[in-house]
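Chemist: Encoded as structure tokens, here's the structure I'll be asking about.
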Amino acid sequence: MTLLPRSVAARYPRQAVAYVPVEDCPPASLVIAWPERSRSRAVAALVRAAVAVAESRGMVAAVEASG
């Protein structure tokens, strides 16, 4: 069992999988983490794309540096 966004059930219907709505579940957060010294262009592109999608949907997107 796992909790997935409603969009997954709509996008990937499977006859052998039962998608059951959970109405009283608090909102979930998606976190992308990578090593502080990473200079991966692929990771940077993923983070930019995730922020753009979140902002386009009116969600809060934050990029924070730790350390």
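Chain lettering (A, B, ...) mirrors the order of the structure tokens, residue numbering begins at 1 for each chain separately, and ligand numbering begins at 1 in order of display.
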Which polymer residues have any atom within 12 Å of an atom of region 45-55 of chain A, counting only C-alpha atoms, with same-chain residues fewer than 3 positions away left out, as a PyMOL selection string?
Modeler: chain A and resi 29-34+39-42+58-64
Chemist: For the selection just defined, write its residues with N, CA and C atoms to a file, as a PDB file, in the first residue's frame.
Modeler:
ATOM      1  N   SER A  29       4.210  16.738   1.031  1.00  0.00           N
ATOM      2  CA  SER A  29       5.283  17.561   0.466  1.00  0.00           C
ATOM      3  C   SER A  29       6.224  16.671  -0.326  1.00  0.00           C
ATOM      4  N   LEU A  30       6.703  17.199  -1.427  1.00  0.00           N
ATOM      5  CA  LEU A  30       7.724  16.509  -2.206  1.00  0.00           C
ATOM      6  C   LEU A  30       9.037  17.228  -1.948  1.00  0.00           C
ATOM      7  N   VAL A  31      10.041  16.456  -1.603  1.00  0.00           N
ATOM      8  CA  VAL A  31      11.347  17.036  -1.312  1.00  0.00           C
ATOM      9  C   VAL A  31      12.378  16.384  -2.213  1.00  0.00           C
ATOM     10  N   ILE A  32      13.164  17.197  -2.866  1.00  0.00           N
ATOM     11  CA  ILE A  32      14.277  16.704  -3.677  1.00  0.00           C
ATOM     12  C   ILE A  32      15.547  17.093  -2.935  1.00  0.00           C
ATOM     13  N   ALA A  33      16.377  16.124  -2.604  1.00  0.00           N
ATOM     14  CA  ALA A  33      17.611  16.398  -1.865  1.00  0.00           C
ATOM     15  C   ALA A  33      18.803  15.887  -2.663  1.00  0.00           C
ATOM     16  N   TRP A  34      19.894  16.603  -2.575  1.00  0.00           N
ATOM     17  CA  TRP A  34      21.113  16.205  -3.272  1.00  0.00           C
ATOM     18  C   TRP A  34      22.301  16.696  -2.463  1.00  0.00           C
ATOM     19  N   ARG A  39      27.253  19.426  -8.525  1.00  0.00           N
ATOM     20  CA  ARG A  39      27.180  20.379  -9.643  1.00  0.00           C
ATOM     21  C   ARG A  39      26.527  19.713 -10.851  1.00  0.00           C
ATOM     22  N   SER A  40      25.704  18.714 -10.576  1.00  0.00           N
ATOM     23  CA  SER A  40      25.047  17.958 -11.634  1.00  0.00           C
ATOM     24  C   SER A  40      24.057  18.834 -12.395  1.00  0.00           C
ATOM     25  N   ARG A  41      24.234  18.935 -13.683  1.00  0.00           N
ATOM     26  CA  ARG A  41      23.300  19.702 -14.510  1.00  0.00           C
ATOM     27  C   ARG A  41      21.932  19.020 -14.562  1.00  0.00           C
ATOM     28  N   ALA A  42      21.928  17.693 -14.516  1.00  0.00           N
ATOM     29  CA  ALA A  42      20.665  16.949 -14.548  1.00  0.00           C
ATOM     30  C   ALA A  42      19.835  17.230 -13.288  1.00  0.00           C
ATOM     31  N   GLY A  58       0.218  27.064  -8.617  1.00  0.00           N
ATOM     32  CA  GLY A  58      -0.092  27.834  -7.419  1.00  0.00           C
ATOM     33  C   GLY A  58       0.396  27.215  -6.130  1.00  0.00           C
ATOM     34  N   MET A  59       1.367  26.323  -6.226  1.00  0.00           N
ATOM     35  CA  MET A  59       1.908  25.672  -5.030  1.00  0.00           C
ATOM     36  C   MET A  59       3.121  26.453  -4.540  1.00  0.00           C
ATOM     37  N   VAL A  60       3.449  26.233  -3.299  1.00  0.00           N
ATOM     38  CA  VAL A  60       4.625  26.862  -2.717  1.00  0.00           C
ATOM     39  C   VAL A  60       5.839  26.051  -3.126  1.00  0.00           C
ATOM     40  N   ALA A  61       6.810  26.709  -3.713  1.00  0.00           N
ATOM     41  CA  ALA A  61       8.065  26.043  -4.075  1.00  0.00           C
ATOM     42  C   ALA A  61       9.211  26.803  -3.422  1.00  0.00           C
ATOM     43  N   ALA A  62      10.069  26.097  -2.748  1.00  0.00           N
ATOM     44  CA  ALA A  62      11.193  26.734  -2.085  1.00  0.00           C
ATOM     45  C   ALA A  62      12.457  25.936  -2.365  1.00  0.00           C
ATOM     46  N   VAL A  63      13.499  26.644  -2.671  1.00  0.00           N
ATOM     47  CA  VAL A  63      14.810  26.011  -2.839  1.00  0.00           C
ATOM     48  C   VAL A  63      15.673  26.549  -1.728  1.00  0.00           C
ATOM     49  N   GLU A  64      16.115  25.663  -0.868  1.00  0.00           N
ATOM     50  CA  GLU A  64      16.894  26.063   0.307  1.00  0.00           C
ATOM     51  C   GLU A  64      18.248  25.373   0.287  1.00  0.00           C
TER      52      GLU A  64
END
Chemist: Just list the residues in chain A DSSP gives helix (DSSP H, G or I) on the backbone, as a short mmCIF file (atom, residue, chain, number, x, y, z; two decimals) with C-alpha atoms, in the first residue's frame.
Modeler:
data_model
loop_
_atom_site.label_atom_id
_atom_site.label_comp_id
_atom_site.auth_asym_id
_atom_site.auth_seq_id
_atom_site.Cartn_x
_atom_site.Cartn_y
_atom_site.Cartn_z
CA ARG A 6 -4.94 11.59 -7.44
CA SER A 7 -3.19 12.38 -10.73
CA VAL A 8 -1.40 9.00 -10.64
CA ALA A 9 -4.70 7.11 -10.54
CA ALA A 10 -5.97 9.14 -13.49
CA ARG A 11 -2.78 8.77 -15.52
CA ARG A 41 23.30 19.70 -14.51
CA ALA A 42 20.67 16.95 -14.55
CA VAL A 43 19.77 17.54 -10.89
CA ALA A 44 19.69 21.32 -11.45
CA ALA A 45 17.34 20.83 -14.42
CA LEU A 46 15.08 18.56 -12.34
CA VAL A 47 14.88 21.14 -9.55
CA ARG A 48 14.13 23.98 -12.01
CA ALA A 49 11.40 21.91 -13.68
CA ALA A 50 9.85 20.93 -10.33
CA VAL A 51 9.81 24.54 -9.15
CA ALA A 52 8.27 25.73 -12.44
CA VAL A 53 5.50 23.10 -12.29
CA ALA A 54 4.76 23.85 -8.63
CA GLU A 55 4.60 27.58 -9.26
CA SER A 56 2.42 27.13 -12.36
#
Chemist: Name all residues at most 10 Å from Pro21 (chain A) (count only C-alpha atoms; drop same-chain ones fewer than 3 positions away) and give them as a ChimeraX atom specification.
Modeler: /A:3-6,9,18,24-25
Chemist: Using Å and a single decimal, report how far CA of Arg57 (chain A) sits from CA of Val22 (chain A).
Modeler: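 Computing the Euclidean distance for CA of Val22 (chain A) and CA of Arg57 (chain A) yields 21.3 Å.
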